[in-house]
>>> print(open('my_file_38.txt').read())   # compact mmCIF, C-alpha atoms and all ligand atoms
# COMPACT_ATOMS: atom_id res chain seq x y z
CA MET U 1 -4.49 26.67 10.94
CA LYS U 2 -3.71 25.72 7.36
CA GLN U 3 -5.06 22.43 6.00
CA SER U 4 -2.93 20.16 3.89
CA PHE U 5 -3.92 20.17 0.22
CA PHE U 6 -3.37 16.41 0.23
CA ASN U 7 -6.18 15.96 2.73
CA PHE U 8 -8.82 17.28 0.33
CA THR U 9 -10.93 15.30 -2.06
CA LEU U 10 -11.92 17.46 -5.02
CA GLU U 11 -15.41 17.80 -3.59
CA GLU U 12 -14.09 18.97 -0.23
CA LEU U 13 -11.81 21.54 -1.82
CA ALA U 14 -14.86 23.08 -3.44
CA THR U 15 -17.10 22.85 -0.36
CA PRO U 16 -16.95 25.17 2.64
CA SER U 17 -16.49 22.95 5.71
CA SER U 18 -17.53 25.56 8.30
CA LYS U 19 -18.72 29.11 8.43
CA ASN U 20 -15.12 30.18 8.93
CA ARG U 21 -13.67 28.25 6.03
CA THR U 22 -14.63 29.33 2.58
CA SER U 23 -13.63 27.23 -0.41
CA LEU U 24 -12.47 27.44 -3.99
CA PRO U 25 -15.15 27.69 -6.67
CA THR U 26 -15.56 24.28 -8.34
CA PHE U 27 -13.83 25.39 -11.56
CA TRP U 28 -10.72 26.56 -9.68
CA ALA U 29 -10.74 23.51 -7.39
CA LYS U 30 -10.55 21.30 -10.52
CA GLU U 31 -7.74 23.46 -11.87
CA ALA U 32 -5.87 23.16 -8.57
CA PHE U 33 -6.21 19.35 -8.68
CA LYS U 34 -4.81 19.36 -12.22
CA LYS U 35 -1.87 21.58 -11.26
CA VAL U 36 -0.90 19.44 -8.27
CA TYR U 37 -1.65 15.89 -9.37
CA VAL U 38 -1.28 16.06 -13.19
CA ASP U 39 1.28 18.82 -13.75
CA LEU U 40 3.00 17.95 -10.43
CA ASN U 41 3.40 21.63 -9.67
CA THR U 42 2.75 22.85 -6.13
CA ASN U 43 4.12 26.34 -6.65
CA ILE U 44 0.90 28.37 -6.62
CA LYS U 45 2.69 31.49 -7.83
CA GLN U 46 3.07 29.74 -11.19
CA TRP U 47 -0.58 28.75 -11.44
CA ASN U 48 -1.94 32.03 -12.84
CA PHE U 49 -4.97 31.88 -10.58
CA PRO U 50 -7.04 35.04 -9.99
CA THR U 51 -5.43 36.99 -7.13
CA GLN U 52 -8.37 36.29 -4.83
CA TRP U 53 -7.93 32.51 -5.11
CA GLU U 54 -4.15 32.59 -5.05
CA THR U 55 -4.37 34.52 -1.77
CA TRP U 56 -6.96 32.11 -0.45
CA LEU U 57 -4.68 29.16 -1.20
CA GLN U 58 -1.70 30.92 0.36
CA GLU U 59 -3.61 31.63 3.56
CA GLU U 60 -5.63 28.44 3.93
CA VAL U 61 -3.69 25.59 2.39
CA SER U 62 -0.33 23.98 2.97
CA PHE U 63 1.52 21.98 0.31
CA ASP U 64 4.25 20.66 2.59
CA LEU U 65 5.24 17.08 2.02
CA PHE U 66 7.99 15.31 3.94
CA LYS U 67 10.72 16.88 6.03
CA GLU U 68 13.50 14.78 4.56
CA VAL U 69 13.89 11.85 2.25
CA LYS U 70 16.57 9.26 1.72
CA ILE U 71 16.59 7.09 -1.39
CA GLN U 72 18.27 3.72 -1.94
CA GLN U 73 18.27 1.69 -5.12
CA SER U 74 18.70 -2.06 -5.34
CA ASN U 75 20.56 -4.07 -8.01
CA ASP U 76 17.25 -4.85 -9.71
CA GLN U 77 16.22 -1.13 -9.74
CA THR U 78 13.74 -1.49 -6.89
CA THR U 79 13.89 1.86 -5.12
CA LYS U 80 13.27 2.40 -1.42
CA PHE U 81 12.34 5.83 -0.03
CA LEU U 82 12.77 6.67 3.63
CA PHE U 83 10.52 9.60 4.54
CA SER U 84 10.79 11.69 7.68
CA LEU U 85 7.37 12.91 8.88
CA GLU U 86 6.50 16.13 10.67
CA ASP U 87 7.11 14.54 14.08
CA LYS U 88 10.40 13.00 12.84
CA LYS U 89 8.91 9.52 12.70
CA LEU U 90 10.04 7.50 9.71
CA ILE U 91 8.28 5.41 7.07
CA GLU U 92 9.43 3.53 4.01
CA THR U 93 7.86 3.28 0.56
CA VAL U 94 9.05 1.00 -2.22
CA LEU U 95 8.91 1.57 -5.98
CA ILE U 96 9.06 -1.75 -7.83
CA PRO U 97 9.91 -2.08 -11.52
CA PHE U 98 7.98 -4.46 -13.75
CA ARG U 99 8.35 -4.97 -17.51
CA ASN U 100 6.21 -2.02 -18.62
CA HIS U 101 5.43 -0.12 -15.46
CA TYR U 102 6.23 0.63 -11.83
CA SER U 103 4.16 -0.41 -8.83
CA LEU U 104 4.32 1.51 -5.60
CA CYS U 105 4.14 -0.21 -2.23
CA LEU U 106 2.72 2.31 0.28
CA SER U 107 2.93 2.44 4.06
CA THR U 108 -0.20 3.23 6.05
CA GLN U 109 1.14 3.25 9.63
CA VAL U 110 4.38 3.98 11.46
CA GLY U 111 5.22 0.46 12.58
CA CYS U 112 2.45 -2.07 13.01
CA ALA U 113 0.41 -3.48 15.88
CA PHE U 114 0.04 -7.02 14.57
CA GLY U 115 3.46 -8.50 15.13
CA CYS U 116 3.57 -11.17 12.43
CA THR U 117 6.66 -13.16 13.28
CA PHE U 118 8.08 -13.24 9.73
CA CYS U 119 7.84 -9.46 9.28
CA PHE U 120 10.49 -6.89 10.22
CA THR U 121 7.88 -4.10 10.53
CA GLY U 122 6.03 -6.13 13.13
CA LYS U 123 9.06 -5.99 15.44
CA LYS U 124 8.55 -2.25 15.94
CA GLY U 125 5.03 -2.25 17.32
CA LEU U 126 2.60 0.48 16.30
CA LEU U 127 3.83 4.05 16.78
CA ARG U 128 0.94 5.78 15.05
CA ASN U 129 -1.42 5.83 12.08
CA LEU U 130 -0.47 7.84 9.03
CA LYS U 131 -2.74 10.73 8.13
CA THR U 132 -4.29 10.91 4.67
CA PRO U 133 -1.79 13.56 3.44
CA GLU U 134 1.10 11.32 4.52
CA ILE U 135 -0.34 8.46 2.43
CA VAL U 136 -1.17 10.64 -0.60
CA GLY U 137 2.19 12.41 -0.22
CA GLN U 138 4.10 9.15 -0.81
CA VAL U 139 2.50 8.84 -4.25
CA LEU U 140 2.90 12.47 -5.20
CA PHE U 141 6.53 12.65 -4.08
CA ILE U 142 7.45 9.53 -6.03
CA LYS U 143 5.54 10.58 -9.16
CA LYS U 144 7.54 13.81 -9.09
CA TRP U 145 10.78 11.94 -8.47
CA ILE U 146 10.11 9.65 -11.48
CA SER U 147 9.40 12.65 -13.70
CA GLU U 148 12.57 14.41 -12.51
CA ASN U 149 14.62 11.27 -13.25
CA LYS U 150 13.10 10.48 -16.64
CA LYS U 151 16.43 9.45 -18.11
CA ILE U 152 16.71 6.42 -15.86
CA MET U 153 13.12 5.98 -14.67
CA ILE U 154 11.43 5.36 -17.98
CA LYS U 155 8.25 3.53 -17.06
CA PRO U 156 4.92 4.94 -15.91
CA LEU U 157 3.64 4.45 -12.37
CA LYS U 158 0.57 2.29 -12.88
CA ASN U 159 -0.20 0.39 -9.67
CA ILE U 160 -0.58 1.26 -6.02
CA MET U 161 -0.38 -1.42 -3.37
CA TYR U 162 -1.19 -0.87 0.30
CA MET U 163 1.41 -3.47 1.27
CA GLY U 164 4.14 -1.46 2.99
CA GLN U 165 4.47 -0.81 6.71
CA GLY U 166 1.30 -1.24 8.73
CA GLU U 167 -2.07 -2.93 8.40
CA PRO U 168 -4.11 -0.67 6.08
CA LEU U 169 -7.49 -1.74 7.46
CA HIS U 170 -6.30 -0.72 10.93
CA ASN U 171 -6.20 2.84 9.57
CA PHE U 172 -9.47 2.57 7.70
CA GLU U 173 -10.65 6.18 7.35
CA ALA U 174 -7.29 7.58 6.20
CA VAL U 175 -6.86 4.77 3.66
CA LYS U 176 -10.42 5.21 2.41
CA LYS U 177 -9.91 8.92 1.79
CA ALA U 178 -6.48 8.45 0.22
CA SER U 179 -8.02 5.90 -2.17
CA GLN U 180 -10.73 8.38 -3.13
CA ILE U 181 -8.03 10.94 -3.92
CA PHE U 182 -6.04 8.40 -5.98
CA LEU U 183 -9.11 7.60 -8.07
CA GLU U 184 -10.11 11.21 -8.81
CA PRO U 185 -10.30 11.47 -12.63
CA ARG U 186 -9.17 15.11 -12.59
CA GLY U 187 -6.18 14.27 -10.45
CA LEU U 188 -4.07 11.12 -10.19
CA ASN U 189 -6.75 9.15 -12.03
CA PHE U 190 -5.77 5.61 -11.00
CA ALA U 191 -8.23 2.92 -12.08
CA PRO U 192 -9.74 0.97 -9.13
CA ARG U 193 -8.31 -2.28 -10.51
CA LYS U 194 -4.83 -0.75 -10.28
CA ILE U 195 -5.06 -0.30 -6.51
CA SER U 196 -4.68 -3.29 -4.17
CA LEU U 197 -5.02 -3.47 -0.43
CA SER U 198 -3.40 -6.25 1.54
CA THR U 199 -4.73 -7.21 4.96
CA VAL U 200 -3.81 -9.85 7.51
CA GLY U 201 -7.52 -10.46 8.01
CA HIS U 202 -8.80 -7.65 10.19
CA ILE U 203 -12.37 -8.95 10.30
CA PRO U 204 -14.19 -5.91 11.82
CA ALA U 205 -12.75 -3.70 9.06
CA LEU U 206 -13.30 -6.34 6.35
CA LYS U 207 -16.98 -6.19 7.27
CA ARG U 208 -16.84 -2.54 6.17
CA TRP U 209 -15.20 -3.39 2.83
CA SER U 210 -18.17 -2.05 0.83
CA GLU U 211 -17.46 1.45 2.24
CA LEU U 212 -14.19 1.55 0.30
CA PRO U 213 -13.93 2.35 -3.42
CA PRO U 214 -13.92 -0.86 -5.54
CA ILE U 215 -10.21 -1.64 -5.19
CA ASN U 216 -8.61 -5.12 -5.16
CA LEU U 217 -8.41 -7.18 -1.99
CA SER U 218 -5.44 -9.27 -1.07
CA VAL U 219 -5.22 -11.36 2.11
CA SER U 220 -1.94 -12.30 3.78
CA LEU U 221 -2.79 -15.90 4.57
CA HIS U 222 0.54 -17.72 5.05
CA ALA U 223 -0.99 -20.70 6.87
CA ALA U 224 -4.05 -22.84 6.23
CA THR U 225 -4.61 -24.12 9.77
CA ASP U 226 -5.34 -22.14 12.92
CA GLU U 227 -2.65 -24.08 14.76
CA LEU U 228 0.12 -22.77 12.48
CA ARG U 229 -1.42 -19.35 11.82
CA ASP U 230 -1.80 -18.72 15.57
CA ARG U 231 1.94 -19.29 15.89
CA ILE U 232 3.14 -17.04 13.09
CA MET U 233 0.37 -14.41 12.98
CA PRO U 234 -0.92 -13.40 16.40
CA ILE U 235 -4.05 -11.74 14.91
CA ASN U 236 -5.31 -15.24 14.13
CA LYS U 237 -5.90 -15.87 17.84
CA ASN U 238 -8.59 -13.16 17.73
CA TYR U 239 -9.91 -13.74 14.22
CA GLY U 240 -9.45 -17.37 13.21
CA LEU U 241 -9.54 -18.82 9.70
CA LYS U 242 -13.17 -19.96 9.81
CA GLY U 243 -14.37 -16.44 10.61
CA LEU U 244 -12.01 -14.96 8.05
CA VAL U 245 -13.23 -17.18 5.21
CA LYS U 246 -16.86 -16.57 6.16
CA THR U 247 -16.30 -12.80 6.18
CA LEU U 248 -14.62 -12.98 2.77
CA LYS U 249 -17.49 -15.01 1.35
CA ASP U 250 -19.95 -12.38 2.56
CA ILE U 251 -18.18 -9.54 0.76
CA SER U 252 -19.93 -8.66 -2.44
CA PHE U 253 -17.51 -7.73 -5.19
CA SER U 254 -18.65 -6.00 -8.30
CA GLY U 255 -17.63 -7.59 -11.62
CA ARG U 256 -15.42 -10.69 -11.76
CA LYS U 257 -13.20 -9.82 -8.83
CA LYS U 258 -11.06 -12.52 -7.26
CA ILE U 259 -9.43 -12.30 -3.86
CA SER U 260 -5.66 -12.75 -3.90
CA PHE U 261 -4.10 -14.77 -1.09
CA GLU U 262 -0.45 -14.11 -0.33
CA TYR U 263 1.39 -17.15 1.00
CA ILE U 264 5.03 -16.88 2.00
CA MET U 265 6.77 -20.24 1.71
CA ILE U 266 8.52 -21.13 4.97
CA GLN U 267 10.70 -24.20 4.80
CA GLY U 268 9.31 -27.12 6.79
CA GLN U 269 6.44 -25.11 8.27
CA ASN U 270 3.78 -24.36 5.68
CA ASP U 271 5.20 -26.01 2.55
CA ARG U 272 4.39 -29.63 3.34
CA GLU U 273 2.08 -32.13 1.65
CA GLN U 274 -0.64 -31.62 4.26
CA ASP U 275 -0.53 -27.86 3.71
CA ILE U 276 -1.67 -28.38 0.11
CA HIS U 277 -4.74 -30.28 1.33
CA HIS U 278 -5.52 -27.70 4.00
CA LEU U 279 -5.25 -24.88 1.47
CA VAL U 280 -7.52 -26.60 -1.01
CA GLU U 281 -10.07 -27.37 1.69
CA LEU U 282 -9.99 -23.81 3.07
CA LEU U 283 -10.27 -21.95 -0.23
CA LYS U 284 -12.32 -24.31 -2.38
CA ASP U 285 -15.48 -22.15 -2.42
CA LEU U 286 -13.82 -18.77 -2.88
CA PRO U 287 -13.06 -17.20 -6.26
CA CYS U 288 -9.38 -16.58 -5.62
CA GLN U 289 -5.79 -16.75 -6.67
CA ILE U 290 -2.82 -17.74 -4.53
CA ASN U 291 0.50 -15.95 -4.81
CA LEU U 292 3.42 -17.93 -3.41
CA ILE U 293 6.25 -15.75 -2.16
CA PRO U 294 9.74 -16.84 -1.09
CA THR U 295 10.32 -15.86 2.56
CA ASN U 296 12.65 -12.90 2.83
CA SER U 297 15.05 -12.81 5.72
CA PHE U 298 15.94 -9.83 7.90
CA PRO U 299 18.33 -9.32 10.80
CA GLY U 300 17.26 -11.60 13.65
CA SER U 301 14.69 -13.56 11.62
CA SER U 302 14.59 -17.29 12.17
CA PHE U 303 12.58 -18.30 9.11
CA GLN U 304 14.09 -19.91 6.06
CA SER U 305 12.51 -19.82 2.66
CA SER U 306 11.54 -23.02 0.89
CA PRO U 307 13.89 -23.60 -2.06
CA LEU U 308 12.64 -22.12 -5.33
CA THR U 309 12.33 -25.55 -6.98
CA HIS U 310 10.08 -26.67 -4.14
CA ILE U 311 7.97 -23.50 -4.44
CA TYR U 312 7.35 -24.27 -8.12
CA GLU U 313 6.46 -27.91 -7.30
CA PHE U 314 4.06 -26.68 -4.60
CA LYS U 315 2.50 -24.36 -7.16
CA GLN U 316 1.98 -27.21 -9.65
CA ARG U 317 0.30 -29.30 -6.97
CA LEU U 318 -2.11 -26.48 -6.14
CA VAL U 319 -2.84 -25.85 -9.82
CA LYS U 320 -3.65 -29.57 -10.28
CA GLN U 321 -6.12 -29.25 -7.42
CA GLY U 322 -7.85 -26.41 -9.26
CA LEU U 323 -6.37 -23.41 -7.41
CA PHE U 324 -5.06 -20.66 -9.67
CA THR U 325 -1.54 -20.09 -8.33
CA THR U 326 1.41 -17.88 -9.20
CA VAL U 327 4.94 -17.52 -7.84
CA ARG U 328 6.06 -13.99 -6.98
CA LYS U 329 9.63 -13.02 -7.67
CA THR U 330 11.47 -11.35 -4.83
CA LYS U 331 12.64 -7.82 -5.62
CA GLY U 332 14.77 -5.40 -3.65
CA ASP U 333 15.88 -7.89 -0.97
CA ASP U 334 19.50 -6.66 -1.15
CA ILE U 335 18.38 -3.32 0.36
CA LEU U 336 15.73 -4.75 2.72
CA ALA U 337 12.94 -3.51 0.45
CA ALA U 338 11.20 -6.82 -0.25
CA CYS U 339 8.05 -8.23 1.27
CA GLY U 340 8.30 -8.40 5.09
CA GLN U 341 11.64 -6.55 5.24
CA LEU U 342 10.58 -2.94 5.84
CA ASN U 343 11.78 -1.44 9.07
CA ASP U 344 12.96 2.15 8.93
CA SER U 345 14.93 2.00 12.15
CA PHE U 346 17.43 -0.36 10.62
CA ASN U 347 20.57 0.62 8.82
CA LEU U 348 19.37 3.99 7.57
CA SER U 349 19.88 7.23 9.33
CA ILE U 350 17.89 10.24 8.26
CA ALA U 351 20.82 12.39 9.40
CA ASP U 352 22.76 11.04 6.42
CA ILE U 353 20.47 12.71 3.92
S1 LIG T 401 2.84 -8.48 7.79
FE1 LIG T 401 1.62 -6.59 7.75
S2 LIG T 401 0.24 -6.85 9.52
FE2 LIG T 401 1.89 -8.34 9.82
S3 LIG T 401 3.38 -7.26 11.11
FE3 LIG T 401 3.99 -6.92 8.96
S4 LIG T 401 3.05 -4.98 8.41
FE4 LIG T 401 2.01 -5.71 10.25
>>> encode(input="my_file_38.txt", output="structure tokens")
Amino acid sequence: MKQSFFNFTLEELATPSSKNRTSLPTFWAKEAFKKVYVDLNTNIKQWNFPTQWETWLQEEVSFDLFKEVKIQQSNDQTTKFLFSLEDKKLIETVLIPFRNHYSLCLSTQVGCAFGCTFCFTGKKGLLRNLKTPEIVGQVLFIKKWISENKKIMIKPLKNIMYMGQGEPLHNFEAVKKASQIFLEPRGLNFAPRKISLSTVGHIPALKRWSELPPINLSVSLHAATDELRDRIMPINKNYGLKGLVKTLKDISFSGRKKISFEYIMIQGQNDREQDIHHLVELLKDLPCQINLIPTNSFPGSSFQSSPLTHIYEFKQRLVKQGLFTTVRKTKGDDILAACGQLNDSFNLSIADI
């Protein structure tokens, strides 16, 4: 059976994995990585490889990406891609414009097992993990799409965020390998500081953080007491805040890395005076930054965002207490592409493509 090209690290492509599977010589493996990930060309007939290696690639390797794709663009140019996988399951990926670049929000699972109450993805439950090629394929497809739409998509893709559908640490091995492929200097060549992984606090996997390449860590916190976090994030009942903070303190980061904490602002629930004190108390010994995010609504959601003026006041209060805090602007909410809004079963039909 053919193996997906997008499942290979460069080393693996140049290493026989069994007595039945030969490999490309290192020189040609590097060339193949350049063709696919730099030139964005998966047509091996155009590669001018020696016949022997062209035949080998034809017989051993598949370059298939997604079955079908649907693309929606929001008023602010945020672009949402709906991908149909081999088994017809669907995932969404979001391309977000910033001043000088795009960031890409990747999915790592079909659905999600963790059921956070403010998240549309959580309503689906977990259907399955994505395989490495399905994670890498999101980046490659969208890089190609940007280059084919240069007239309107004029910025470079600079950042990757594992913040789409699914809990990335719940699919540890596939995410680890995809990250290695993203960082390969002869391929996509992302810098580690340009890749961020967001987790709800999956402690067993966080304990394995050092096995991952040195990417950025972001924690979806959203509540600073177990009482509230238990209510809005069921994972907290298994892995409470005390254990989470201890695990984070034990992680050794190279350089001056800070942990980012994402905190959606829910009116009347986690935006009160006492929440400021709880946050300060909880995070006081961690090198970190807090990102406040307006709550995004979705069909059937019962949460209301704190007003923007209140979010900025909350920020000032945290800053005065010594916590570095930013406010994140919502993007793509008119097409359900913003934080917490991804759910491919809603409103989009792949048959329309
Ligand atoms: S916030 Fe993340 S972990 Fe929670 S349900 Fe949504 S996708 Fe899953």
>>> closest_residue(input="my_file_38.txt", among="U:Ser179, U:Arg193, U:Asp226, U:Glu54", to="U:Pro213", atoms="only C-alpha atoms")
U:Ser179
>>> closest_atom_pairs(input="my_file_38.txt", of="chain U", to="ligand LIG 401 (chain T)", cutoff="9 Å", atoms="only C-alpha atoms and all ligand atoms", output="CSV")
residue,atom,partner,partner_atom,distance
U:Ser107,CA,T:LIG401,S4,8.6
U:Gln109,CA,T:LIG401,S4,8.5
U:Gly111,CA,T:LIG401,S4,7.2
U:Cys112,CA,T:LIG401,FE4,4.6
U:Ala113,CA,T:LIG401,FE4,6.3
U:Phe114,CA,T:LIG401,S3,4.8
U:Gly115,CA,T:LIG401,S3,4.2
U:Cys116,CA,T:LIG401,S3,4.1
U:Thr117,CA,T:LIG401,S3,7.1
U:Phe118,CA,T:LIG401,S1,7.3
U:Cys119,CA,T:LIG401,FE3,4.6
U:Phe120,CA,T:LIG401,FE3,6.6
U:Thr121,CA,T:LIG401,FE3,5.1
U:Gly122,CA,T:LIG401,S3,3.5
U:Lys123,CA,T:LIG401,S3,7.3
U:Lys124,CA,T:LIG401,S3,8.7
U:Gly125,CA,T:LIG401,S3,8.1
U:Leu126,CA,T:LIG401,FE4,8.7
U:Met163,CA,T:LIG401,FE1,7.2
U:Gly164,CA,T:LIG401,S4,6.6
U:Gln165,CA,T:LIG401,S4,4.7
U:Gly166,CA,T:LIG401,S4,4.1
U:Glu167,CA,T:LIG401,S2,4.7
U:Pro168,CA,T:LIG401,S2,8.3
U:Ser198,CA,T:LIG401,FE1,8.0
U:Thr199,CA,T:LIG401,S2,6.8
U:Val200,CA,T:LIG401,S2,5.4
U:Gly201,CA,T:LIG401,S2,8.7
U:Ser220,CA,T:LIG401,S1,7.3
U:Met233,CA,T:LIG401,FE2,7.0
U:Pro234,CA,T:LIG401,FE2,8.8
U:Ile235,CA,T:LIG401,S2,8.4
U:Cys339,CA,T:LIG401,S1,8.3
U:Gly340,CA,T:LIG401,FE3,6.0
U:Gln341,CA,T:LIG401,FE3,8.5
U:Leu342,CA,T:LIG401,S4,8.2
>>> write_last_selection(input="my_file_38.txt", atoms="C-alpha atoms", output="mmCIF file, in the coordinates of the input")
data_model
loop_
_atom_site.group_PDB
_atom_site.id
_atom_site.type_symbol
_atom_site.label_atom_id
_atom_site.label_comp_id
_atom_site.auth_asym_id
_atom_site.auth_seq_id
_atom_site.Cartn_x
_atom_site.Cartn_y
_atom_site.Cartn_z
ATOM 1 C CA SER U 107 2.930 2.440 4.060
ATOM 2 C CA GLN U 109 1.140 3.250 9.630
ATOM 3 C CA GLY U 111 5.220 0.460 12.580
ATOM 4 C CA CYS U 112 2.450 -2.070 13.010
ATOM 5 C CA ALA U 113 0.410 -3.480 15.880
ATOM 6 C CA PHE U 114 0.040 -7.020 14.570
ATOM 7 C CA GLY U 115 3.460 -8.500 15.130
ATOM 8 C CA CYS U 116 3.570 -11.170 12.430
ATOM 9 C CA THR U 117 6.660 -13.160 13.280
ATOM 10 C CA PHE U 118 8.080 -13.240 9.730
ATOM 11 C CA CYS U 119 7.840 -9.460 9.280
ATOM 12 C CA PHE U 120 10.490 -6.890 10.220
ATOM 13 C CA THR U 121 7.880 -4.100 10.530
ATOM 14 C CA GLY U 122 6.030 -6.130 13.130
ATOM 15 C CA LYS U 123 9.060 -5.990 15.440
ATOM 16 C CA LYS U 124 8.550 -2.250 15.940
ATOM 17 C CA GLY U 125 5.030 -2.250 17.320
ATOM 18 C CA LEU U 126 2.600 0.480 16.300
ATOM 19 C CA MET U 163 1.410 -3.470 1.270
ATOM 20 C CA GLY U 164 4.140 -1.460 2.990
ATOM 21 C CA GLN U 165 4.470 -0.810 6.710
ATOM 22 C CA GLY U 166 1.300 -1.240 8.730
ATOM 23 C CA GLU U 167 -2.070 -2.930 8.400
ATOM 24 C CA PRO U 168 -4.110 -0.670 6.080
ATOM 25 C CA SER U 198 -3.400 -6.250 1.540
ATOM 26 C CA THR U 199 -4.730 -7.210 4.960
ATOM 27 C CA VAL U 200 -3.810 -9.850 7.510
ATOM 28 C CA GLY U 201 -7.520 -10.460 8.010
ATOM 29 C CA SER U 220 -1.940 -12.300 3.780
ATOM 30 C CA MET U 233 0.370 -14.410 12.980
ATOM 31 C CA PRO U 234 -0.920 -13.400 16.400
ATOM 32 C CA ILE U 235 -4.050 -11.740 14.910
ATOM 33 C CA CYS U 339 8.050 -8.230 1.270
ATOM 34 C CA GLY U 340 8.300 -8.400 5.090
ATOM 35 C CA GLN U 341 11.640 -6.550 5.240
ATOM 36 C CA LEU U 342 10.580 -2.940 5.840
#
>>> residues_near_point(input="my_file_38.txt", point="(-7.3, 13.2, -5.1)", cutoff="7 Å", atoms="all atoms listed in the file", output="PyMOL selection string")
chain U and resi 8-10+180-184+187-188
>>> atom_distance(input="my_file_38.txt", atom1="atom CA of U:Ala205", atom2="atom CA of U:Thr132")
17.4 Å
>>> residues_around(input="my_file_38.txt", residues="U:Ile266", least_positions_apart="4", cutoff="7 Å", atoms="all atoms listed in the file", output="ChimeraX atom specification")
/U:270-271,295,303-306
>>> closest_residue(input="my_file_38.txt", among="U:Ile215, U:Ile311, U:Val61, U:Ile142", to="U:Thr325", atoms="only C-alpha atoms")
U:Ile311
>>> residues_around(input="my_file_38.txt", residues="U:Pro97", least_positions_apart="5", cutoff="10 Å", atoms="all atoms listed in the file", output="PyMOL selection string")
chain U and resi 76-79+102-104+153-157+331-332
>>> residues_near_point(input="my_file_38.txt", point="(-12.6, 24.9, -1.2)", cutoff="7 Å", atoms="only C-alpha atoms", output="list in words")
Glu12, Leu13, Ala14, Thr15, Pro16, Thr22, Ser23, Leu24, Pro25 and Ala29 of chain U
>>> closest_residue(input="my_file_38.txt", among="U:Lys89, U:Thr26, U:Phe81, U:Ile203", to="U:His170", atoms="only C-alpha atoms")
U:Ile203
>>> closest_residue(input="my_file_38.txt", among="U:Asp275, U:Glu173, U:Glu227, U:Glu60", to="U:Phe314", atoms="all atoms listed in the file")
U:Asp275
>>> closest_residue(input="my_file_38.txt", among="U:Ala32, U:Ala191, U:Leu95, U:Ile152", to="U:Phe49", atoms="all atoms listed in the file")
U:Ala32
